[in-house]
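Undergrad: One structure is given below, represented as structure tokens, and several questions about it will come after.
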Amino acid sequence: QVAGRNRCSTMMFSGLLNATLAALLTSHGSVDQRSIHVPKITIGQDTFGRDVSMPLIGAGTWQYNDTVAYESVCKAFSVGYTFVDTALGYRNQQGVGKALKDCWFAKGKSRESLFVMTKIPGGLAASEALEAHYENLDLLGLDYVDHVMTHFPADWKVTPERSSKSQRQEEWMGLENLYYQGLTRSIGISHYCPQHIDDVLDIATVNPSINQVEYHVGSGDIDHVIQKCRENGIHFMSFSPLCGPCDLKDPSDSLINGALVADVAQNYGPDVTGSQVALRYIVQQALEEDSYIAGVIPKSNNIEHIKSNAQ
């Protein structure tokens, strides 16, 4: 029932796109090292009819424990980030919630200027989805989030009873319930292939705002999932934009300091890094007219890298 899991949940590194990347950066200018200015896109509307605006660069927290998540999110806020991505399955939302309290709200910043994205496990019944999201809110110390998505089109073990079309549809109805109750301003999916998207669209009264899938320089449109999202008004969002952790057979393919991104970076000044080029490759696509690419969520606990990722 979860056909294509390995293809859609792990986009294959299919050869670096030198010409495309260079063309994007040539036609739209160099990376600006002077300040952090993160553009936003509108991913939908909340139940009050207000636009849901999402920054194109956020602070990722995958694989961080509570302590590191707290540190990294506080550092991100200190240099100008307004968007943090987490998940119930990351088991670090207590740390993220403490960062929101200490390093955002305690600084006098408003809830309206913050964007919080989280996830609930896949394969849940509608009642379980509600319970999981209440846990999200409790850990984060929030009354609502700006976006919640189902983390996978099944449970992680892909057990038959939690990986069927009907189960995906029931969980989606649970997400819609969260939306209509005002517990989230938008809802979405992650790791979904075209057939999984169809399962949701067959019964949806609220269109998914986002499908979060691994995407980076060198990724192709495996199974035409980007095309599927574009055709149905779903924003395609990148995770692992620097292809980490990737099992690279050739270190020169690294999207942090490999040959391609380093060579392109040299064209835009001595302070531009390979990782900035790799992130700009995706963000620039999101800025194209009528694009349904939706930005990046790189992670770091090094404040210089955090700052660099957003420049």
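A note on labels: chains of the structure tokens are A, B, ... as shown, every chain counts residues from 1, and ligands are counted from 1 in their shown order.
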Give me, as a tab-separated table, each residue of region 157-223 of chain A that comes within 12 Å of region 257-266 of chain A, together with its shortest interatomic pair and the distance in Å at one decimal, counting only C-alpha atoms, with rows ordered by chain and rising residue number.
TA:
residue	atom	partner	partner_atom	distance
A:His216	CA	A:Val261	CA	11.9
A:Val217	CA	A:Val261	CA	9.2
A:Gly218	CA	A:Leu260	CA	10.7
Undergrad: Which residues, written as a list of chain:residue names, have at least one atom at most 12 Å from Ala69 (chain A), with only C-alpha atoms counted and residues fewer than 5 positions away on the same chain left out?
TA: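 Here the answer would be A:Ala59, A:Gly60, A:Thr61, A:Trp62, A:Gln63, A:Tyr64, A:Cys74, A:Lys75, A:Ala76, A:Val84, A:Asp85, A:Thr86, A:Ala87, A:Tyr90, A:Arg91, A:Asn92, A:Gln93, A:Gln94, A:Gly95, A:Val96, A:Gly97, A:Lys98, A:Ala99, A:Leu100, A:Lys299, A:Ser300, A:Asn301, A:Asn302.
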Undergrad: Would you please work out which residue, of A:Pro39, A:Gly49, A:Gly188, A:Pro121, is nearest to Tyr81 (chain A) when using only C-alpha atoms?
TA: A:Pro39
Undergrad: Pick the closest to Phe239 (chain A) from A:Val272, A:Ile293, A:Leu130, A:Leu287: which is it, counting only C-alpha atoms?
TA: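 That would be A:Ile293, the residue with the smallest distance to Phe239 (chain A).
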Undergrad: Between CA of Tyr215 (chain A) and CA of Ser238 (chain A), what is the distance, to one decimal in Å?
TA: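 It comes out at 4.9 Å.
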Undergrad: Region 144-176 of chain A near region 123-128 of chain A within 9 Å: what's each residue's closest atom pair and its distance in Å to one decimal, counting only C-alpha atoms, ordered by chain then ascending residue number, as a Markdown table?
TA:
| residue | atom | partner | partner_atom | distance |
| --- | --- | --- | --- | --- |
| A:Thr150 | CA | A:Gly123 | CA | 8.5 |
| A:Phe152 | CA | A:Gly123 | CA | 7.6 |
| A:Pro153 | CA | A:Gly123 | CA | 6.7 |
| A:Ala154 | CA | A:Gly123 | CA | 4.3 |
| A:Asp155 | CA | A:Gly123 | CA | 4.7 |
| A:Trp156 | CA | A:Gly123 | CA | 8.4 |
| A:Val158 | CA | A:Gly123 | CA | 8.3 |
| A:Thr159 | CA | A:Gly123 | CA | 8.8 |
| A:Glu161 | CA | A:Gly123 | CA | 8.2 |
| A:Arg162 | CA | A:Gly123 | CA | 4.5 |
| A:Ser163 | CA | A:Gly123 | CA | 6.0 |
| A:Ser164 | CA | A:Gly123 | CA | 8.2 |
| A:Gln167 | CA | A:Gly123 | CA | 6.1 |
| A:Arg168 | CA | A:Gly123 | CA | 6.4 |
| A:Glu170 | CA | A:Ala126 | CA | 5.7 |
| A:Glu171 | CA | A:Ala126 | CA | 5.0 |
| A:Trp172 | CA | A:Ala126 | CA | 7.6 |
| A:Met173 | CA | A:Ala126 | CA | 6.4 |
| A:Gly174 | CA | A:Ala126 | CA | 4.0 |
| A:Leu175 | CA | A:Ala126 | CA | 7.5 |
Undergrad: Using only C-alpha atoms for the distances, tell me which of A:Val277, A:Ile197, A:Ala204, A:Ile297 is nearest to Ser240 (chain A).
TA: A:Ile297
Undergrad: Nearest to Asn177 (chain A) among A:Val296, A:Ala129, A:Met149, A:Met117, with distances taken over only C-alpha atoms: which residue is it?
TA: A:Ala129
